[in-house]
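Q: Please find one structure pasted underneath; my questions will follow.
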Amino acid sequence: MSGLNESVVHGSKATAKNLPSVDKLLRHAAVAACVAEQGHTLVSQEARLLLDARRAQTLAGELSLTEVALDTLATDLQARVAQRLAPRLKTVINLTGTVIHTNLGRALLADEALQHVLAMMSGPNNLEYDLATGQRGDRDSVVEELLCTLTGAEAATVVNNNAAAVLLSIAALASEHTGRREVIVSRGELVEIGGAFRMPDVMASAGATMVEVGTTNRTHPADYERAMNERTALVMKVHTSNYQVQGFTAAVSEADLAPLCHARGIPLVSDLGSGALVDMARWGLPREPLPQEMLQAGCDVVTFSGDKLLGGPQAGLLVGSRKAIGRIRKFPMKRALRMSKLPLAALEATLRLYLRPERLTQDLPTLRLLTRPLADIEATAMAVQPALAAAVAPRYTVRRLALQGQIGSGSLPVERLASVGLALAPVERKGVGRALDALATALRSLPEPVIGRVADDELLLDCRCLESPESLLRQFSELSACIKSS
């Protein structure tokens with residue numbers, strides 16, 4: 001079949017009889033080479049699936065004889081095998097203007113963290129082995145001393161994300177005394193984070209009864225006092241890191257709440273969410289509450305994320321009193337939520353960077369991007385603009401403009417980061433939406449996908465996170481070909 005004259009068979013409809021057998025396809029020279037490289041199991045499985053699909057198409061009268069020729073099928077099979085082996089998770093170029101992008105993996109790990117992860121993955125390590133005693137150790141010890149040093153806490157533990165940290169804190173502390181299952185929280189702090197994860201649902205999952213106090217915009221100390229009784233297990237403060245209530249508002253600080261709680265023997269837990277470990281104001285960024293401040297204010301437990309402002313891997317960090325953390329650590333749910341060695345190694349390396357705060361904007365990618373000078377961002381945009389304009393011409397125009405980005409992942413949601421980027425617009429104004437969708441699709445289809453955002457009938461590419469423009473520039477020939485073929 002592969003020797004058929006295409007000028008003769010072009011346009012002729014194929015039938016199922018024209019398809020080769022699986023064995024014949026596997027004996028084709030190119031496919032045999034593929035089998036030698038990738039193994040018989042995968043290639044033969046894909047060969048069957050390919051032939052099944054082509055058989056259905058021939059029955060529907062959708063294929064010509066050239067499309068079922070042996071050489072064509074061999075090429076199609078190789079493409080299927082390559083696609084099957086291609087990773088679903090891949091690096092992308094983040095030009096959205098959101099530095100800590102929830103959908104794009106949040107914080108980038110520092111080089112020290114990457115190197116430490118690789119070292120710990122490539123051989124055995126002392127994850128749960130005490131090198132001093134030769135006995136079984138506790139994996140929390142990998143980072144507990146660092147967390148205590150950085151926050152001033154008496155004790156610390158970690159789980160796989162901050163939602164788990166909140167859930168575990170409530171479940172463990174609310175189970176301490178029979179009959180004490182009520183958790184007091186302000187109505188203004190009943191947050192919902194991504195994926196419809198709501199504080200009321202967390203309370204229910206932890207087996208606690210939520211007691212709401214105050215109103216959406218105003219809560220006072222007396223509201224908490226009236227709600228406290230013999231059934232109160234703990235008081236929960238939730239930092240509204242992903243939204244702000246403005247105007248006629250009032251809230252009770254942890255410092256004001258702590259004496260009320262401790263006078264009645266009630267633990268106070270504060271969930272900081274994005275949780276910075278250093279004052280961001282030193283770099284001209286908006287200030288976030290710090291775990292060490294909440295502990296000094298009298299909180300028994302403070303929880304925060306590892307992969308947001310802290311700039312590390314996904315993790316839920318819990319710091320606090322020895323008594324409260326000890327109870328949390330012993331609670332059965334803790335084992336189900338514990339961190340594995342890979343993110344734990346990354347977290348340890350990231351926390352070590354905070355011992356040298358003067359170097360953080362150099363060593364920690366998240367802070368480096370958040371504090372990147374505007375002139376540097378503009379220089380990147382200027383370097384990219386001519387080549388991009390040539391790649392998308394004549395269908396699109398490219399202009400440089402000032403943009404407003406954001407920190408992201410619910411961190412400081414109303415704050416904006418001055419930036420510079422490129423705006424791409426279709427020359428033909430009819431069907432602007434379709435043209436922008438086609439351009440966005442072409443950018444996402446590149447070997448290293450490029451992700452921007454559409455606003456005001458333009459595709460915006462914010463250059464804040466583009467530290468190495470070469471990664472984008474080398475793909476412009478493929479972008480140009482993709483646009484011309486669409």
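Ordering of the structure tokens sets the chain letters (A, B, ...), residue numbers begin anew at 1 in every chain, and ligands are numbered from 1 in the order given.
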Contacts of Gln406 in chain A at 6 Å or less, counting only C-alpha atoms, minus same-chain residues fewer than 5 places along, as a PyMOL selection string?

A: chain A and resi 98+416-417

Q: Tell me, as a ChimeraX atom specification, which residues lie within 12 Å of Val454 in chain A, counting only C-alpha atoms; anything in the same chain fewer than 6 positions away does not count.

A: /A:95-97,422-425,432-441,460-462

Q: Using Å and a single decimal, report how far CA of Gly298 in chain A sits from CA of Pro259 in chain A.

A: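 Computing it gives 7.8 Å between the two atoms.
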
Q: Considering only C-alpha atoms, return as an NGL selection string whatever protein or nucleic-acid residues lie within 8 Å of Thr151 in chain A, sequence-local ones (same chain, fewer than 6 positions apart) excluded.

A: :A and (277 or 291-292 or 295 or 319)

Q: Okay, now the selection with all heavy atoms, as a CSV table (one decimal), in the first residue's frame?

A:
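In the end it all went to again_17.csv:
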chain,number,residue,atom,x,y,z
A,277,LEU,N,6.9,35.6,56.3
A,277,LEU,CA,7.8,35.5,57.4
A,277,LEU,C,8.6,36.7,57.7
A,277,LEU,O,9.3,36.8,58.7
A,277,LEU,CB,8.8,34.3,57.2
A,277,LEU,CG,8.3,32.9,57.6
A,277,LEU,CD1,9.3,31.9,57.3
A,277,LEU,CD2,7.9,32.9,59.1
A,291,PRO,N,3.6,35.6,61.5
A,291,PRO,CA,3.4,34.6,62.5
A,291,PRO,C,4.0,35.0,63.9
A,291,PRO,O,3.4,34.8,64.9
A,291,PRO,CB,4.0,33.4,61.9
A,291,PRO,CG,4.1,33.6,60.5
A,291,PRO,CD,4.2,35.1,60.3
A,292,GLN,N,5.2,35.6,63.8
A,292,GLN,CA,5.8,36.0,65.1
A,292,GLN,C,5.1,37.0,65.8
A,292,GLN,O,5.0,37.0,67.1
A,292,GLN,CB,7.3,36.4,64.8
A,292,GLN,CG,7.5,37.4,63.7
A,292,GLN,CD,7.8,36.7,62.4
A,292,GLN,OE1,7.1,35.8,62.0
A,292,GLN,NE2,8.8,37.2,61.7
A,295,LEU,N,2.1,35.3,67.5
A,295,LEU,CA,2.5,34.6,68.7
A,295,LEU,C,2.8,35.5,69.9
A,295,LEU,O,2.4,35.3,71.0
A,295,LEU,CB,3.8,33.8,68.4
A,295,LEU,CG,3.6,32.6,67.4
A,295,LEU,CD1,4.9,32.0,67.1
A,295,LEU,CD2,2.6,31.5,68.0
A,319,VAL,N,2.7,26.9,64.0
A,319,VAL,CA,3.7,27.3,65.1
A,319,VAL,C,2.8,27.7,66.3
A,319,VAL,O,1.7,28.2,66.1
A,319,VAL,CB,4.6,28.4,64.6
A,319,VAL,CG1,5.5,27.9,63.5
A,319,VAL,CG2,3.8,29.6,64.2

Q: List every residue of range 145-289 of chain A that DSSP, applied to the backbone, labels as alpha helix (DSSP H), and write the result as a ChimeraX atom specification.

A: /A:145-151,162-174,199-205,221-227,254-262

Q: Can you check which parts of range 268-383 of chain A lie within 12 Å of range 187-191 of chain A? Per residue, the shortest pair of atoms and distance in Å to one decimal, counting only C-alpha atoms, sorted by chain and number, as a tab-separated table.

A:
residue	atom	partner	partner_atom	distance
A:Ser270	CA	A:Glu189	CA	11.1
A:Asp271	CA	A:Glu189	CA	10.2
A:Leu272	CA	A:Glu189	CA	11.4
A:Gly273	CA	A:Val191	CA	10.5

Q: Could you give me, as a list in words, the residues within 8 Å of range 278-285 of chain A, counting only C-alpha atoms and dropping anything in the same chain fewer than 4 positions from it?

A: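 Listed by chain and then number, they are Leu290, Pro357 and Thr371 of chain A.
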
Q: Within 12 Å of range 16-33 of chain A, counting only C-alpha atoms, which residues show up once you throw out same-chain ones fewer than 4 positions away? Write them as a PyMOL selection string, please.

A: chain A and resi 1-2+4+9+12+37-81

Q: Fewer than 5 positions away in the same chain doesn't count, so skip those; otherwise give me all residues within 12 Å of Thr91 in chain A, counting only C-alpha atoms, as a list in words.

A: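 After dropping sequence-adjacent residues, the list is Leu104, Gly105, Leu108, Arg444, Leu446, Pro447, Glu448, Pro449, Val450, Ile451 and Ser471 of chain A.
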
Q: Quick one: DSSP strand (DSSP E or B) residues in range 197-244 of chain A, as a list in words?

A: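 Put together, the selection reads Phe197, Arg198, Thr209, Met210, Val211, Glu212, Val213, Arg218, Thr232, Ala233, Leu234, Val235, Met236, Lys237 and Val238 of chain A.
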
Q: Nearest residue to Lys330 in chain A out of A:Ser175, A:Leu347, A:Asp111, A:Asn162, using only C-alpha atoms?

A: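 Of A:Ser175, A:Leu347, A:Asp111, A:Asn162, the one nearest Lys330 in chain A, counting only C-alpha atoms, is A:Ser175.
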
Q: Counting only C-alpha atoms, what is within 7 Å of Gln314 in chain A, bar same-chain residues fewer than 5 positions away, as a PyMOL selection string?

A: chain A and resi 160-161+306-307

Q: Tell me, in Å to one decimal, how far CA of Arg226 in chain A is from CA of Val183 in chain A.

A: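 Spanning CA of Arg226 in chain A to CA of Val183 in chain A is a straight-line distance of 13.2 Å.
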
Q: Using only C-alpha atoms, which of A:Ala172, A:Val158, A:Pro373, A:Leu146 sits nearest Thr361 in chain A?

A: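 Ranking A:Ala172, A:Val158, A:Pro373, A:Leu146 by distance to Thr361 in chain A, first place goes to A:Pro373.
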
Q: Ranking A:Gly408, A:Pro469, A:Pro267, A:Pro286 by minimum distance to Leu234 in chain A and counting only C-alpha atoms, which one comes first?

A: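 Once distances to Leu234 in chain A are computed over only C-alpha atoms, the minimum belongs to A:Pro267.
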